[in-house]
file work_14.cif (mmCIF, C-alpha atoms and all ligand atoms)
data_model
loop_
_atom_site.group_PDB
_atom_site.id
_atom_site.type_symbol
_atom_site.label_atom_id
_atom_site.label_comp_id
_atom_site.auth_asym_id
_atom_site.auth_seq_id
_atom_site.Cartn_x
_atom_site.Cartn_y
_atom_site.Cartn_z
ATOM 1 C CA MET A 1 -10.574 -9.460 -16.791
ATOM 2 C CA ASN A 2 -8.384 -6.381 -16.538
ATOM 3 C CA LYS A 3 -11.491 -4.276 -16.155
ATOM 4 C CA LEU A 4 -12.778 -6.629 -13.495
ATOM 5 C CA ILE A 5 -9.577 -6.381 -11.508
ATOM 6 C CA SER A 6 -9.570 -2.660 -11.929
ATOM 7 C CA TRP A 7 -13.136 -2.533 -10.677
ATOM 8 C CA LEU A 8 -12.348 -4.810 -7.754
ATOM 9 C CA LYS A 9 -9.420 -2.673 -6.742
ATOM 10 C CA ARG A 10 -11.427 0.521 -7.058
ATOM 11 C CA ALA A 11 -14.352 -0.976 -5.178
ATOM 12 C CA ALA A 12 -11.975 -1.928 -2.403
ATOM 13 C CA ALA A 13 -10.582 1.554 -2.141
ATOM 14 C CA THR A 14 -14.029 3.128 -2.323
ATOM 15 C CA GLY A 15 -15.404 0.802 0.313
ATOM 16 C CA ALA A 16 -12.528 1.712 2.540
ATOM 17 C CA ALA A 17 -13.227 5.388 1.946
ATOM 18 C CA ALA A 18 -16.818 4.929 3.044
ATOM 19 C CA LEU A 19 -15.470 3.278 6.177
ATOM 20 C CA ALA A 20 -13.110 6.096 6.888
ATOM 21 C CA VAL A 21 -16.022 8.524 6.705
ATOM 22 C CA ALA A 22 -17.906 6.295 9.130
ATOM 23 C CA SER A 23 -14.888 6.835 11.433
ATOM 24 C CA LEU A 24 -13.699 3.269 11.558
ATOM 25 C CA GLN A 25 -17.021 1.688 12.471
ATOM 26 C CA PRO A 26 -17.229 -2.056 11.988
ATOM 27 C CA VAL A 27 -18.800 -2.796 8.640
ATOM 28 C CA SER A 28 -20.841 -5.567 7.156
ATOM 29 C CA ALA A 29 -19.056 -8.116 5.035
ATOM 30 C CA HIS A 30 -20.485 -6.862 1.760
ATOM 31 C CA ALA A 31 -18.676 -3.543 2.143
ATOM 32 C CA ALA A 32 -15.495 -5.607 1.748
ATOM 33 C CA PRO A 33 -12.600 -3.370 2.670
ATOM 34 C CA ALA A 34 -9.513 -5.223 4.006
ATOM 35 C CA PRO A 35 -5.995 -4.529 5.767
ATOM 36 C CA VAL A 36 -3.314 -6.738 7.285
ATOM 37 C CA VAL A 37 -4.473 -10.292 8.018
ATOM 38 C CA GLY A 38 -2.503 -12.429 10.473
ATOM 39 C CA GLY A 39 -0.618 -9.413 11.757
ATOM 40 C CA THR A 40 0.285 -7.930 15.099
ATOM 41 C CA ARG A 41 0.291 -4.362 16.378
ATOM 42 C CA ALA A 42 3.152 -2.160 15.307
ATOM 43 C CA ALA A 43 4.858 -0.209 18.077
ATOM 44 C CA GLN A 44 4.528 3.568 18.148
ATOM 45 C CA GLY A 45 7.383 4.924 15.999
ATOM 46 C CA GLU A 46 8.350 1.535 14.555
ATOM 47 C CA PHE A 47 7.452 2.517 10.981
ATOM 48 C CA PRO A 48 7.495 6.329 11.130
ATOM 49 C CA PHE A 49 7.136 6.660 7.351
ATOM 50 C CA MET A 50 3.661 5.041 7.335
ATOM 51 C CA VAL A 51 0.769 7.240 6.212
ATOM 52 C CA ARG A 52 -2.987 6.694 6.346
ATOM 53 C CA LEU A 53 -4.894 8.412 3.543
ATOM 54 C CA SER A 54 -8.472 9.625 4.004
ATOM 55 C CA MET A 55 -9.874 7.722 1.011
ATOM 56 C CA GLY A 56 -9.060 4.542 2.947
ATOM 57 C CA CYS A 57 -5.618 3.659 1.641
ATOM 58 C CA GLY A 58 -2.093 3.460 2.980
ATOM 59 C CA GLY A 59 1.000 5.254 1.777
ATOM 60 C CA SER A 60 4.601 5.986 2.686
ATOM 61 C CA LEU A 61 6.652 9.160 2.911
ATOM 62 C CA LEU A 62 8.799 9.283 -0.233
ATOM 63 C CA THR A 63 9.893 12.741 0.861
ATOM 64 C CA GLN A 64 8.607 14.767 3.787
ATOM 65 C CA GLN A 65 6.113 16.394 1.428
ATOM 66 C CA ILE A 66 5.282 13.551 -1.001
ATOM 67 C CA VAL A 67 3.396 10.344 -0.239
ATOM 68 C CA LEU A 68 3.850 7.263 -2.436
ATOM 69 C CA THR A 69 0.634 5.242 -2.773
ATOM 70 C CA ALA A 70 -1.250 3.127 -5.320
ATOM 71 C CA ALA A 71 -2.704 4.464 -8.586
ATOM 72 C CA HIS A 72 -5.984 2.677 -7.847
ATOM 73 C CA CYS A 73 -6.342 4.750 -4.665
ATOM 74 C CA VAL A 74 -6.678 8.005 -6.628
ATOM 75 C CA ASN A 75 -8.922 9.233 -9.427
ATOM 76 C CA GLY A 76 -6.401 10.812 -11.766
ATOM 77 C CA SER A 77 -3.802 13.565 -11.829
ATOM 78 C CA GLY A 78 -4.017 17.257 -11.073
ATOM 79 C CA ASN A 79 -4.657 19.744 -8.302
ATOM 80 C CA ASN A 80 -6.473 17.994 -5.480
ATOM 81 C CA THR A 81 -7.079 19.281 -1.961
ATOM 82 C CA SER A 82 -9.545 16.541 -0.990
ATOM 83 C CA ILE A 83 -7.165 14.039 0.603
ATOM 84 C CA THR A 84 -6.004 14.140 4.218
ATOM 85 C CA ALA A 85 -2.798 12.324 5.142
ATOM 86 C CA THR A 86 -2.396 11.179 8.755
ATOM 87 C CA ALA A 87 1.062 10.285 10.069
ATOM 88 C CA GLY A 88 3.056 10.088 13.280
ATOM 89 C CA VAL A 89 0.740 7.668 15.106
ATOM 90 C CA VAL A 90 -0.091 3.980 15.145
ATOM 91 C CA ASP A 91 -3.445 4.844 16.790
ATOM 92 C CA LEU A 92 -5.414 6.917 14.282
ATOM 93 C CA GLN A 93 -7.530 8.308 17.141
ATOM 94 C CA SER A 94 -4.616 9.487 19.247
ATOM 95 C CA THR A 95 -4.029 13.224 19.024
ATOM 96 C CA THR A 96 -0.578 12.904 20.637
ATOM 97 C CA GLY A 97 2.033 13.092 17.893
ATOM 98 C CA ARG A 98 -0.589 12.894 15.165
ATOM 99 C CA VAL A 99 0.102 15.013 12.101
ATOM 100 C CA GLN A 100 -2.668 15.626 9.573
ATOM 101 C CA VAL A 101 -1.927 17.426 6.320
ATOM 102 C CA ARG A 102 -4.056 18.033 3.247
ATOM 103 C CA SER A 103 -3.064 17.194 -0.298
ATOM 104 C CA THR A 104 -2.362 19.825 -2.919
ATOM 105 C CA LYS A 105 -1.727 17.660 -5.991
ATOM 106 C CA VAL A 106 -2.039 14.080 -7.155
ATOM 107 C CA LEU A 107 0.044 12.405 -9.844
ATOM 108 C CA GLN A 108 -1.280 9.040 -11.019
ATOM 109 C CA ALA A 109 1.205 6.811 -12.859
ATOM 110 C CA PRO A 110 1.256 7.795 -16.532
ATOM 111 C CA GLY A 111 -0.499 5.135 -18.625
ATOM 112 C CA TYR A 112 -2.262 3.535 -15.635
ATOM 113 C CA ASN A 113 -5.261 1.554 -16.910
ATOM 114 C CA GLY A 114 -5.980 -0.880 -14.087
ATOM 115 C CA THR A 115 -3.285 -3.401 -14.978
ATOM 116 C CA GLY A 116 0.219 -2.898 -13.590
ATOM 117 C CA LYS A 117 1.690 0.596 -13.039
ATOM 118 C CA ASP A 118 -0.146 0.806 -9.734
ATOM 119 C CA TRP A 119 1.622 3.797 -8.207
ATOM 120 C CA ALA A 120 0.748 7.413 -7.529
ATOM 121 C CA LEU A 121 2.178 10.412 -5.705
ATOM 122 C CA ILE A 122 0.378 12.831 -3.428
ATOM 123 C CA LYS A 123 1.912 16.232 -2.715
ATOM 124 C CA LEU A 124 1.174 17.588 0.745
ATOM 125 C CA ALA A 125 0.419 21.178 1.680
ATOM 126 C CA GLN A 126 3.265 21.148 4.242
ATOM 127 C CA PRO A 127 6.214 18.860 4.913
ATOM 128 C CA ILE A 128 5.830 16.333 7.721
ATOM 129 C CA ASN A 129 8.858 16.154 9.996
ATOM 130 C CA LEU A 130 9.200 12.363 10.086
ATOM 131 C CA PRO A 131 11.671 9.880 8.527
ATOM 132 C CA THR A 132 11.058 8.944 4.894
ATOM 133 C CA LEU A 133 11.258 5.467 3.337
ATOM 134 C CA LYS A 134 13.744 5.011 0.529
ATOM 135 C CA ILE A 135 12.664 3.106 -2.556
ATOM 136 C CA ALA A 136 14.504 0.194 -4.149
ATOM 137 C CA THR A 137 16.234 1.235 -7.376
ATOM 138 C CA THR A 138 17.447 -2.238 -8.381
ATOM 139 C CA THR A 139 15.941 -5.734 -8.226
ATOM 140 C CA GLN A 140 18.496 -6.915 -5.631
ATOM 141 C CA TYR A 141 16.049 -6.675 -2.736
ATOM 142 C CA ASN A 142 13.195 -8.418 -4.562
ATOM 143 C CA THR A 143 13.762 -11.569 -2.503
ATOM 144 C CA GLY A 144 13.549 -12.815 1.077
ATOM 145 C CA ASP A 145 11.059 -11.842 3.742
ATOM 146 C CA PHE A 146 9.134 -8.596 3.573
ATOM 147 C CA THR A 147 7.325 -6.490 6.142
ATOM 148 C CA VAL A 148 3.874 -5.127 5.329
ATOM 149 C CA ALA A 149 1.856 -2.725 7.459
ATOM 150 C CA GLY A 150 -1.471 -0.972 7.308
ATOM 151 C CA TRP A 151 -4.769 0.019 8.894
ATOM 152 C CA GLY A 152 -6.772 -2.115 6.470
ATOM 153 C CA ALA A 153 -8.961 -5.099 7.210
ATOM 154 C CA ALA A 154 -7.633 -7.767 9.558
ATOM 155 C CA ARG A 155 -9.687 -10.411 7.773
ATOM 156 C CA GLU A 156 -11.306 -10.718 4.373
ATOM 157 C CA GLY A 157 -14.454 -8.589 4.491
ATOM 158 C CA GLY A 158 -13.474 -7.191 7.881
ATOM 159 C CA ALA A 159 -13.395 -3.677 9.277
ATOM 160 C CA GLN A 160 -10.707 -1.066 8.893
ATOM 161 C CA GLN A 161 -8.397 -0.907 11.898
ATOM 162 C CA ARG A 162 -7.770 1.820 14.443
ATOM 163 C CA TYR A 163 -4.234 0.574 15.209
ATOM 164 C CA LEU A 164 -1.484 -0.055 12.664
ATOM 165 C CA LEU A 165 -0.909 -3.765 12.059
ATOM 166 C CA LYS A 166 2.241 -5.378 10.667
ATOM 167 C CA ALA A 167 3.142 -8.789 9.301
ATOM 168 C CA THR A 168 5.957 -10.628 7.552
ATOM 169 C CA VAL A 169 5.415 -12.329 4.188
ATOM 170 C CA PRO A 170 7.901 -14.235 2.017
ATOM 171 C CA PHE A 171 8.704 -13.464 -1.620
ATOM 172 C CA VAL A 172 6.856 -15.548 -4.235
ATOM 173 C CA ASP A 173 8.437 -15.778 -7.679
ATOM 174 C CA ASP A 174 6.463 -14.605 -10.731
ATOM 175 C CA ALA A 175 6.034 -18.097 -12.225
ATOM 176 C CA THR A 176 4.563 -19.472 -8.994
ATOM 177 C CA CYS A 177 2.384 -16.390 -8.560
ATOM 178 C CA GLU A 178 1.075 -16.511 -12.124
ATOM 179 C CA ALA A 179 0.354 -20.235 -11.738
ATOM 180 C CA SER A 180 -1.997 -19.547 -8.811
ATOM 181 C CA GLY A 181 -4.857 -19.570 -11.308
ATOM 182 C CA GLY A 182 -7.854 -17.262 -11.833
ATOM 183 C CA ILE A 183 -7.002 -13.580 -11.848
ATOM 184 C CA TYR A 184 -3.314 -14.330 -11.282
ATOM 185 C CA SER A 185 -2.995 -14.945 -15.019
ATOM 186 C CA ASP A 186 -3.252 -11.138 -15.263
ATOM 187 C CA LEU A 187 -0.006 -10.664 -13.349
ATOM 188 C CA VAL A 188 2.380 -8.264 -15.063
ATOM 189 C CA PRO A 189 5.688 -9.919 -14.094
ATOM 190 C CA GLY A 190 7.905 -6.950 -14.874
ATOM 191 C CA GLU A 191 5.707 -4.536 -12.934
ATOM 192 C CA GLU A 192 4.417 -6.627 -10.043
ATOM 193 C CA ILE A 193 5.998 -8.669 -7.249
ATOM 194 C CA CYS A 194 4.141 -11.263 -5.182
ATOM 195 C CA ALA A 195 4.437 -12.275 -1.545
ATOM 196 C CA GLY A 196 2.630 -14.622 0.801
ATOM 197 C CA PHE A 197 2.541 -18.120 2.265
ATOM 198 C CA GLU A 198 1.360 -21.109 0.240
ATOM 199 C CA GLU A 199 -0.940 -21.998 3.123
ATOM 200 C CA GLY A 200 -2.268 -18.428 3.372
ATOM 201 C CA GLY A 201 -3.129 -16.875 6.728
ATOM 202 C CA VAL A 202 -0.976 -13.742 6.460
ATOM 203 C CA ASP A 203 -1.570 -11.009 3.883
ATOM 204 C CA THR A 204 -2.452 -7.431 3.239
ATOM 205 C CA CYS A 205 -6.124 -6.743 2.636
ATOM 206 C CA GLN A 206 -8.627 -4.051 1.631
ATOM 207 C CA GLY A 207 -7.587 -0.667 2.986
ATOM 208 C CA ASP A 208 -3.897 -1.583 3.008
ATOM 209 C CA SER A 209 -3.617 -0.619 -0.643
ATOM 210 C CA GLY A 210 -1.021 1.981 -1.401
ATOM 211 C CA GLY A 211 0.975 1.103 1.691
ATOM 212 C CA PRO A 212 4.564 -0.114 1.459
ATOM 213 C CA MET A 213 6.052 -3.598 1.426
ATOM 214 C CA PHE A 214 9.618 -3.235 2.680
ATOM 215 C CA ARG A 215 12.682 -4.996 4.088
ATOM 216 C CA LYS A 216 16.154 -4.187 5.378
ATOM 217 C CA ASP A 217 18.877 -3.342 2.878
ATOM 218 C CA ASP A 218 22.581 -4.200 3.186
ATOM 219 C CA THR A 219 23.141 -1.269 5.527
ATOM 220 C CA GLY A 220 20.286 -2.298 7.801
ATOM 221 C CA ALA A 221 17.995 0.496 6.616
ATOM 222 C CA TRP A 222 14.387 -0.030 5.551
ATOM 223 C CA ILE A 223 13.882 -0.054 1.808
ATOM 224 C CA GLN A 224 10.563 -0.179 -0.041
ATOM 225 C CA VAL A 225 10.230 -2.952 -2.634
ATOM 226 C CA GLY A 226 6.453 -2.997 -3.143
ATOM 227 C CA ILE A 227 3.170 -1.100 -2.959
ATOM 228 C CA VAL A 228 0.046 -2.997 -1.829
ATOM 229 C CA SER A 229 -2.029 -3.538 -4.979
ATOM 230 C CA TRP A 230 -4.313 -6.593 -5.179
ATOM 231 C CA GLY A 231 -4.988 -10.252 -4.451
ATOM 232 C CA GLU A 232 -7.752 -12.839 -4.697
ATOM 233 C CA GLY A 233 -9.530 -12.219 -1.401
ATOM 234 C CA CYS A 234 -7.092 -11.942 1.489
ATOM 235 C CA ALA A 235 -4.746 -14.500 3.008
ATOM 236 C CA ARG A 236 -6.276 -17.400 1.062
ATOM 237 C CA PRO A 237 -4.085 -20.440 0.358
ATOM 238 C CA ASP A 238 -2.242 -20.298 -2.985
ATOM 239 C CA ALA A 239 -3.374 -16.702 -3.519
ATOM 240 C CA PRO A 240 -0.383 -14.394 -2.903
ATOM 241 C CA GLY A 241 -0.620 -10.679 -2.329
ATOM 242 C CA VAL A 242 0.394 -8.706 -5.421
ATOM 243 C CA TYR A 243 2.483 -5.566 -5.022
ATOM 244 C CA THR A 244 3.705 -2.934 -7.444
ATOM 245 C CA GLU A 245 7.366 -3.694 -8.181
ATOM 246 C CA VAL A 246 8.914 -0.465 -6.945
ATOM 247 C CA SER A 247 12.363 -1.008 -8.490
ATOM 248 C CA THR A 248 10.774 -1.089 -11.967
ATOM 249 C CA PHE A 249 9.317 2.376 -11.454
ATOM 250 C CA ALA A 250 11.978 3.940 -9.221
ATOM 251 C CA THR A 251 13.326 6.259 -11.914
ATOM 252 C CA ALA A 252 9.829 7.295 -13.039
ATOM 253 C CA ILE A 253 8.743 7.848 -9.427
ATOM 254 C CA THR A 254 11.768 9.993 -8.581
ATOM 255 C CA GLN A 255 11.427 12.014 -11.775
ATOM 256 C CA ALA A 256 7.700 12.509 -11.246
ATOM 257 C CA ALA A 257 8.287 13.599 -7.648
ATOM 258 C CA ALA A 258 10.666 16.278 -8.872
ATOM 259 C CA THR A 259 7.842 17.811 -10.935
ATOM 260 C CA LEU A 260 5.415 18.139 -8.016
HETATM 261 N N1 LIG B 301 -6.947 -3.544 -3.441
HETATM 262 C C1 LIG B 301 -6.917 -3.579 -2.004
HETATM 263 C C2 LIG B 301 -7.159 -2.185 -1.440
HETATM 264 O O1 LIG B 301 -7.662 -1.341 -2.135
HETATM 265 C C3 LIG B 301 -5.682 -4.258 -1.486
HETATM 266 C C4 LIG B 301 -5.814 -5.713 -1.600
HETATM 267 C C5 LIG B 301 -4.598 -6.475 -1.210
HETATM 268 N N2 LIG B 301 -5.009 -7.838 -1.225
HETATM 269 C C6 LIG B 301 -4.238 -8.871 -0.900
HETATM 270 N N3 LIG B 301 -4.781 -10.047 -0.883
HETATM 271 N N4 LIG B 301 -2.975 -8.709 -0.623
HETATM 272 O O2 LIG B 301 -6.976 -1.936 -0.273
#
call {"tool": "encode", "arguments": {"input": "work_14.cif", "output": "structure tokens", "more": "lines below"}}
Ligand code: ARG
result
Amino acid sequence: MNKLISWLKRAAATGAAALAVASLQPVSAHAAPAPVVGGTRAAQGEFPFMVRLSMGCGGSLLTQQIVLTAAHCVNGSGNNTSITATAGVVDLQSTTGRVQVRSTKVLQAPGYNGTGKDWALIKLAQPINLPTLKIATTTQYNTGDFTVAGWGAAREGGAQQRYLLKATVPFVDDATCEASGGIYSDLVPGEEICAGFEEGGVDTCQGDSGGPMFRKDDTGAWIQVGIVSWGEGCARPDAPGVYTEVSTFATAITQAAATL
């Protein structure tokens, strides 16, 4: 089952990559990439730390020169100049304010094997002069309502999006998430955090992977609590979105970033 999930996640990312190459053409359902379902358009500048990655994933600016994304969006660690990061725009086709920078290195979470630990860092060739998103270092913000955003599919099996979409999803506790049945028995409670509505309808989807799930902290600043990772389809009832639990890996992420 772990291998299946791993394959599903990889297939999603790969399908999204194929889409990106096809420059955001609508795709047939079998290609199955997916972003934010039940969302609305984000305003230009609303989430300035959001990054679109050329393999068809999302990401966030951890620093001006390092993007935090999902491990299943990358192939491994090492020098890598094949990824283009796009930031500064909600409209991927707008050249006004758009910043595109190549990768120099990728660091996939140590020990990543398709289950849990779904985080990775991408070092950029140049810094991007935009606000970064701070990561949660304790579990205190692993509750409440979260914002998710991405250029992924707006419905299960749907096309990648030209405009950044956003949505709000409520926290789902590990016991409830694990009890959703099927692949949810593979949840790694200490490493993953779930969010979504019992009735479905709002969720991240294929192509949103690697993007942040975030909320306001006590000072009113955005703080990242999750990384889009997986789910059974998108926005189905009793099938929450599963996100990497950022607070669990905050120390490892910060230490790894310092080595890039
Ligand atoms: N693995 C997907 C991707 O590569 C993300 C799926 C998120 N699914 C969900 N139901 N929340 O883009």
call {"tool": "residues_near_ligand", "arguments": {"input": "work_14.cif", "ligand": "ligand LIG 301 (chain B)", "cutoff": "6 Å", "atoms": "all atoms listed in the file", "output": "list of chain:residue names"}}
result
A:Lys9, A:Ala12, A:Ala13, A:Ala34, A:Asp203, A:Thr204, A:Cys205, A:Gln206, A:Gly207, A:Asp208, A:Ser209, A:Val228, A:Ser229, A:Trp230, A:Gly231, A:Glu232, A:Gly233, A:Cys234, A:Ala235, A:Gly241, A:Val242
call {"tool": "resolve_selection", "arguments": {"input": "work_14.cif", "expression": "the PyMOL selection byres (((chain A and resi 66-80) around 7) and not hetatm)", "output": "number ranges by chain"}}
result
A: 9-10, 13, 57-65, 81-82, 103-109, 118-124, 209-211, 227, 229
call {"tool": "resolve_selection", "arguments": {"input": "work_14.cif", "expression": "the PyMOL selection byres (((chain A and resi 199) around 7) and not hetatm)", "output": "ChimeraX atom specification"}}
result
/A:197-198,200-201,237-238
call {"tool": "write_last_selection", "arguments": {"input": "work_14.cif", "atoms": "C-alpha atoms", "output": "compact mmCIF listing (two decimals), in the coordinates of the input"}}
result
# COMPACT_ATOMS: atom_id res chain seq x y z
CA PHE A 197 2.54 -18.12 2.26
CA GLU A 198 1.36 -21.11 0.24
CA GLY A 200 -2.27 -18.43 3.37
CA GLY A 201 -3.13 -16.88 6.73
CA PRO A 237 -4.08 -20.44 0.36
CA ASP A 238 -2.24 -20.30 -2.98
call {"tool": "atom_distance", "arguments": {"input": "work_14.cif", "atom1": "CA of Val90 (chain A)", "atom2": "CA of Ala250 (chain A)"}}
result
27.2 Å
call {"tool": "closest_residue", "arguments": {"input": "work_14.cif", "among": "A:Leu133, A:Val188, A:Cys177, A:Met55", "to": "Lys216 (chain A)", "atoms": "all atoms listed in the file"}}
result
A:Leu133
call {"tool": "atom_distance", "arguments": {"input": "work_14.cif", "atom1": "CA of Thr139 (chain A)", "atom2": "CA of Leu53 (chain A)"}}
result
27.8 Å
call {"tool": "residues_around", "arguments": {"input": "work_14.cif", "residues": "Gly116 (chain A)", "least_positions_apart": "2", "cutoff": "10 Å", "atoms": "all atoms listed in the file", "output": "ChimeraX atom specification"}}
result
/A:2,6,71,109,111-114,118-119,186-192,229,243-245
call {"tool": "atom_distance", "arguments": {"input": "work_14.cif", "atom1": "CA of Arg98 (chain A)", "atom2": "CA of Lys166 (chain A)"}}
result
19.0 Å
call {"tool": "residues_around", "arguments": {"input": "work_14.cif", "residues": "region 218-220 of chain A", "least_positions_apart": "3", "cutoff": "10 Å", "atoms": "all atoms listed in the file", "output": "list in words"}}
result
Tyr141, Arg215 and Ile223 of chain A
call {"tool": "closest_residue", "arguments": {"input": "work_14.cif", "among": "A:Met213, A:Val169, A:Ala125, A:Val148", "to": "Leu260 (chain A)", "atoms": "all atoms listed in the file"}}
result
A:Ala125
call {"tool": "closest_residue", "arguments": {"input": "work_14.cif", "among": "A:Ala136, A:Ile128, A:Ala43, A:Ala154", "to": "Trp222 (chain A)", "atoms": "only C-alpha atoms"}}
result
A:Ala136
call {"tool": "resolve_selection", "arguments": {"input": "work_14.cif", "expression": "the PyMOL selection byres (((chain A and resi 131) around 7) and not hetatm)", "output": "VMD selection string"}}
result
chain A and resid 48 to 49 130 132 to 133
call {"tool": "closest_residue", "arguments": {"input": "work_14.cif", "among": "A:Phe47, A:Phe171, A:Trp151, A:Phe146", "to": "Pro240 (chain A)", "atoms": "all atoms listed in the file"}}
result
A:Phe171
call {"tool": "closest_residue", "arguments": {"input": "work_14.cif", "among": "A:Val99, A:Val89, A:Tyr163, A:Thr40", "to": "Thr147 (chain A)", "atoms": "all atoms listed in the file"}}
result
A:Thr40
call {"tool": "closest_residue", "arguments": {"input": "work_14.cif", "among": "A:Ala42, A:Val246, A:Ala252, A:Ile193", "to": "Val225 (chain A)", "atoms": "only C-alpha atoms"}}
result
A:Val246
call {"tool": "decode", "arguments": {"input": "work_14.cif", "residues": "region 219-236 of chain A", "atoms": "N, CA, C and O atoms", "output": "PDB file, in the first residue's frame"}}
result
ATOM      1  N   THR A 219       0.381  36.742  16.091  1.00  0.00           N
ATOM      2  CA  THR A 219       0.723  38.125  15.745  1.00  0.00           C
ATOM      3  C   THR A 219       0.014  38.568  14.470  1.00  0.00           C
ATOM      4  O   THR A 219       0.214  39.686  13.990  1.00  0.00           O
ATOM      5  N   GLY A 220      -0.791  37.674  13.902  1.00  0.00           N
ATOM      6  CA  GLY A 220      -1.495  38.022  12.671  1.00  0.00           C
ATOM      7  C   GLY A 220      -0.696  37.767  11.411  1.00  0.00           C
ATOM      8  O   GLY A 220      -1.121  38.138  10.311  1.00  0.00           O
ATOM      9  N   ALA A 221       0.453  37.099  11.558  1.00  0.00           N
ATOM     10  CA  ALA A 221       1.287  36.791  10.389  1.00  0.00           C
ATOM     11  C   ALA A 221       0.967  35.391   9.866  1.00  0.00           C
ATOM     12  O   ALA A 221       0.595  34.508  10.649  1.00  0.00           O
ATOM     13  N   TRP A 222       1.120  35.196   8.569  1.00  0.00           N
ATOM     14  CA  TRP A 222       0.931  33.855   8.005  1.00  0.00           C
ATOM     15  C   TRP A 222       2.006  32.908   8.522  1.00  0.00           C
ATOM     16  O   TRP A 222       3.176  33.287   8.624  1.00  0.00           O
ATOM     17  N   ILE A 223       1.579  31.690   8.819  1.00  0.00           N
ATOM     18  CA  ILE A 223       2.529  30.668   9.251  1.00  0.00           C
ATOM     19  C   ILE A 223       2.153  29.353   8.572  1.00  0.00           C
ATOM     20  O   ILE A 223       0.967  29.001   8.488  1.00  0.00           O
ATOM     21  N   GLN A 224       3.160  28.652   8.071  1.00  0.00           N
ATOM     22  CA  GLN A 224       2.908  27.410   7.330  1.00  0.00           C
ATOM     23  C   GLN A 224       2.847  26.225   8.280  1.00  0.00           C
ATOM     24  O   GLN A 224       3.790  25.961   9.016  1.00  0.00           O
ATOM     25  N   VAL A 225       1.729  25.488   8.230  1.00  0.00           N
ATOM     26  CA  VAL A 225       1.567  24.303   9.083  1.00  0.00           C
ATOM     27  C   VAL A 225       1.592  23.005   8.285  1.00  0.00           C
ATOM     28  O   VAL A 225       1.767  21.931   8.857  1.00  0.00           O
ATOM     29  N   GLY A 226       1.411  23.094   6.954  1.00  0.00           N
ATOM     30  CA  GLY A 226       1.372  21.867   6.158  1.00  0.00           C
ATOM     31  C   GLY A 226       1.946  22.054   4.775  1.00  0.00           C
ATOM     32  O   GLY A 226       2.169  23.177   4.316  1.00  0.00           O
ATOM     33  N   ILE A 227       2.212  20.913   4.124  1.00  0.00           N
ATOM     34  CA  ILE A 227       2.646  20.873   2.722  1.00  0.00           C
ATOM     35  C   ILE A 227       1.699  19.908   2.023  1.00  0.00           C
ATOM     36  O   ILE A 227       1.509  18.772   2.498  1.00  0.00           O
ATOM     37  N   VAL A 228       1.087  20.316   0.917  1.00  0.00           N
ATOM     38  CA  VAL A 228       0.141  19.451   0.206  1.00  0.00           C
ATOM     39  C   VAL A 228       0.819  18.128  -0.171  1.00  0.00           C
ATOM     40  O   VAL A 228       1.875  18.128  -0.809  1.00  0.00           O
ATOM     41  N   SER A 229       0.214  17.011   0.256  1.00  0.00           N
ATOM     42  CA  SER A 229       0.856  15.713   0.037  1.00  0.00           C
ATOM     43  C   SER A 229      -0.032  14.718  -0.713  1.00  0.00           C
ATOM     44  O   SER A 229       0.294  14.310  -1.819  1.00  0.00           O
ATOM     45  N   TRP A 230      -1.179  14.324  -0.134  1.00  0.00           N
ATOM     46  CA  TRP A 230      -2.002  13.326  -0.817  1.00  0.00           C
ATOM     47  C   TRP A 230      -3.430  13.309  -0.299  1.00  0.00           C
ATOM     48  O   TRP A 230      -3.769  14.003   0.658  1.00  0.00           O
ATOM     49  N   GLY A 231      -4.251  12.502  -0.939  1.00  0.00           N
ATOM     50  CA  GLY A 231      -5.648  12.326  -0.544  1.00  0.00           C
ATOM     51  C   GLY A 231      -6.243  11.268  -1.458  1.00  0.00           C
ATOM     52  O   GLY A 231      -5.660  10.935  -2.479  1.00  0.00           O
ATOM     53  N   GLU A 232      -7.402  10.749  -1.068  1.00  0.00           N
ATOM     54  CA  GLU A 232      -8.117   9.800  -1.929  1.00  0.00           C
ATOM     55  C   GLU A 232      -8.955  10.638  -2.882  1.00  0.00           C
ATOM     56  O   GLU A 232      -9.940  11.251  -2.460  1.00  0.00           O
ATOM     57  N   GLY A 233      -8.547  10.706  -4.148  1.00  0.00           N
ATOM     58  CA  GLY A 233      -9.216  11.612  -5.078  1.00  0.00           C
ATOM     59  C   GLY A 233      -9.078  13.036  -4.574  1.00  0.00           C
ATOM     60  O   GLY A 233      -8.107  13.361  -3.885  1.00  0.00           O
ATOM     61  N   CYS A 234     -10.031  13.875  -4.892  1.00  0.00           N
ATOM     62  CA  CYS A 234     -10.014  15.257  -4.406  1.00  0.00           C
ATOM     63  C   CYS A 234     -11.408  15.673  -3.977  1.00  0.00           C
ATOM     64  O   CYS A 234     -12.374  15.468  -4.714  1.00  0.00           O
ATOM     65  N   ALA A 235     -11.488  16.242  -2.797  1.00  0.00           N
ATOM     66  CA  ALA A 235     -12.729  16.853  -2.301  1.00  0.00           C
ATOM     67  C   ALA A 235     -13.873  15.856  -2.139  1.00  0.00           C
ATOM     68  O   ALA A 235     -15.039  16.242  -2.158  1.00  0.00           O
ATOM     69  N   ARG A 236     -13.538  14.566  -2.016  1.00  0.00           N
ATOM     70  CA  ARG A 236     -14.594  13.565  -1.798  1.00  0.00           C
ATOM     71  C   ARG A 236     -15.067  13.629  -0.340  1.00  0.00           C
ATOM     72  O   ARG A 236     -14.295  14.013   0.549  1.00  0.00           O
TER      73      ARG A 236
END
